[in-house]
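Presented below is the structure to which this report refers.
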Amino acid sequence: MDRVLIEGLTVETVIGVYDWERTIRQRLELDLELATDIRPAAADDDLTHTLDYAAICEAIAGFAAASRFGLVETFAERLAAHLREAFGISGLRLTVRKPGAVAAARAVGVSIERGTL
Ligand SMILES: Nc1nc2c(c(=O)[nH]1)N=C([C@H](O)[C@@H](O)CO)CN2
């Protein structure tokens, strides 16, 4: 299956399990691989026949702005379900990184695959 890619997307959200984290917004960095057949869009050179990565980035920013999860696991799982439902995505790989959460690490986070890639 072909994929539409989104790499290094940054969003701001309330995320974290500790009290001090509930009062601030922190940056998450996202990578996505979205399964789709790109041939119909390529054949007609038509954006409406593929997954619009700009529209998906906007949807992700809106989701993050409205969410207040504790765990990055929950953020990833709920975002994956939301994107699959909203855009009819058959399968995706989603990596969510939380830079700065652990001082000695460049980033920590999770990576999930849902559906058929
Ligand atoms: N597997 C996880 N471990 C931890 C998480 C998390 O979301 N998933 N979160 C924290 C804290 O919120 C941390 O990021 C604060 O620095 C700790 N471990």
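Labels for the structure tokens follow display order: chains A, B, ..., residues from 1 in each chain, ligands from 1.
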
Per residue of chain A within 12 Å of ligand 1, note the shortest atom pair and the distance in Å to one decimal, counting only C-alpha atoms and all ligand atoms, and order the rows by chain and increasing residue number, as a tab-separated table.
```
residue	atom	partner	partner_atom_place_in_ligand_line	distance
A:Val14	CA	ligand 1	12 (O)	10.1
A:Ile15	CA	ligand 1	12 (O)	6.7
A:Gly16	CA	ligand 1	12 (O)	3.4
A:Val17	CA	ligand 1	12 (O)	4.3
A:Tyr18	CA	ligand 1	12 (O)	5.8
A:Asp19	CA	ligand 1	12 (O)	9.2
A:Trp20	CA	ligand 1	15 (C)	9.1
A:Glu21	CA	ligand 1	12 (O)	7.0
A:Arg22	CA	ligand 1	12 (O)	9.4
A:Ile24	CA	ligand 1	12 (O)	11.8
A:Arg25	CA	ligand 1	12 (O)	11.9
A:Gln26	CA	ligand 1	14 (O)	9.7
A:Arg27	CA	ligand 1	14 (O)	11.1
A:Leu28	CA	ligand 1	14 (O)	10.7
A:Arg68	CA	ligand 1	12 (O)	11.8
A:Phe69	CA	ligand 1	7 (O)	8.7
A:Gly70	CA	ligand 1	7 (O)	6.2
A:Leu71	CA	ligand 1	7 (O)	3.2
A:Val72	CA	ligand 1	7 (O)	4.0
A:Glu73	CA	ligand 1	7 (O)	6.0
A:Thr74	CA	ligand 1	7 (O)	7.8
A:Phe75	CA	ligand 1	7 (O)	8.6
A:Ala76	CA	ligand 1	7 (O)	9.9
A:Glu77	CA	ligand 1	7 (O)	11.8
A:Val96	CA	ligand 1	7 (O)	10.0
A:Arg97	CA	ligand 1	7 (O)	9.8
A:Lys98	CA	ligand 1	14 (O)	7.0
A:Pro99	CA	ligand 1	14 (O)	8.9
A:Gly100	CA	ligand 1	16 (O)	7.5
A:Ala101	CA	ligand 1	16 (O)	4.0
A:Val102	CA	ligand 1	16 (O)	5.8
A:Ala103	CA	ligand 1	16 (O)	8.6
A:Ala104	CA	ligand 1	16 (O)	11.3
A:Ala105	CA	ligand 1	16 (O)	11.0
A:Ala107	CA	ligand 1	14 (O)	9.9
A:Val108	CA	ligand 1	14 (O)	8.0
A:Gly109	CA	ligand 1	8 (N)	6.6
A:Val110	CA	ligand 1	1 (N)	7.4
A:Ser111	CA	ligand 1	1 (N)	10.9
```

With only C-alpha atoms as the basis for distance, which of A:Thr10, A:Thr23, A:Thr116, A:Thr48 is at the shortest distance from A:Phe87? A:Thr48

Taking only C-alpha atoms into account, which of A:Val11, A:Leu5, A:Leu51, A:Leu94 comes nearest A:Arg39?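 For A:Arg39, the nearest of the candidates is A:Leu51.
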
Would you return as a count of residues only the members of chain A that DSSP assigns to helix (DSSP H, G or I) on this structure's backbone? 44

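For the set A:Arg84, A:Asp44, A:Glu113, A:Leu34, the residue with the smallest atom-to-atom gap to A:Asp2 is A:Leu34, counting only C-alpha atoms.
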
From chain A, collect each residue whose DSSP state is strand (DSSP E or B) and return the set as an MDAnalysis selection string. chainID A and resid 3:15 26:35 68:69 91:99 107:115

Just the selected residues (C-alpha atoms), exported as a tab-separated table (two decimals), in the first residue's frame, please.
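Saved as result_12.tsv:
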```
chain	number	residue	atom	x	y	z
A	3	ARG	CA	1.53	6.09	2.10
A	4	VAL	CA	1.05	9.80	2.56
A	5	LEU	CA	3.71	11.11	4.96
A	6	ILE	CA	3.71	13.77	7.66
A	7	GLU	CA	7.05	14.18	9.46
A	8	GLY	CA	8.09	16.36	12.38
A	9	LEU	CA	4.70	17.98	12.91
A	10	THR	CA	4.75	19.98	16.16
A	11	VAL	CA	1.63	20.63	18.24
A	12	GLU	CA	0.96	22.21	21.63
A	13	THR	CA	-1.23	20.42	24.15
A	14	VAL	CA	-1.88	19.76	27.82
A	15	ILE	CA	-0.14	16.41	28.37
A	26	GLN	CA	3.82	21.20	26.10
A	27	ARG	CA	5.13	20.48	22.63
A	28	LEU	CA	4.69	17.08	21.00
A	29	GLU	CA	6.37	16.03	17.75
A	30	LEU	CA	4.46	13.69	15.44
A	31	ASP	CA	5.39	11.49	12.50
A	32	LEU	CA	2.62	9.79	10.51
A	33	GLU	CA	2.42	7.28	7.68
A	34	LEU	CA	-1.09	7.12	6.23
A	35	ALA	CA	-2.01	4.16	4.05
A	68	ARG	CA	-5.95	17.21	27.94
A	69	PHE	CA	-4.64	13.67	28.24
A	91	GLY	CA	-4.31	2.12	8.31
A	92	LEU	CA	-1.67	4.31	9.84
A	93	ARG	CA	1.59	4.38	11.76
A	94	LEU	CA	1.80	7.20	14.31
A	95	THR	CA	4.82	8.21	16.38
A	96	VAL	CA	4.34	10.73	19.19
A	97	ARG	CA	7.48	12.20	20.78
A	98	LYS	CA	7.59	14.36	23.90
A	99	PRO	CA	10.89	16.28	23.71
A	107	ALA	CA	12.77	12.59	23.15
A	108	VAL	CA	10.56	9.91	24.65
A	109	GLY	CA	7.21	8.69	23.34
A	110	VAL	CA	5.28	5.94	21.63
A	111	SER	CA	4.76	4.52	18.17
A	112	ILE	CA	1.59	2.67	17.15
A	113	GLU	CA	0.22	0.98	14.04
A	114	ARG	CA	-3.53	0.64	13.55
A	115	GLY	CA	-5.37	-0.96	10.66
```

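In this model, the gap between atom CA of A:Ala64 and atom CA of A:Thr36 comes to 23.8 Å.
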
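Put simply, atom CA of A:His49 is 18.4 Å away from atom CA of A:Leu117.
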
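Pairwise distance (atom CA of A:Ala59, atom CA of A:Leu83) equals 8.0 Å.
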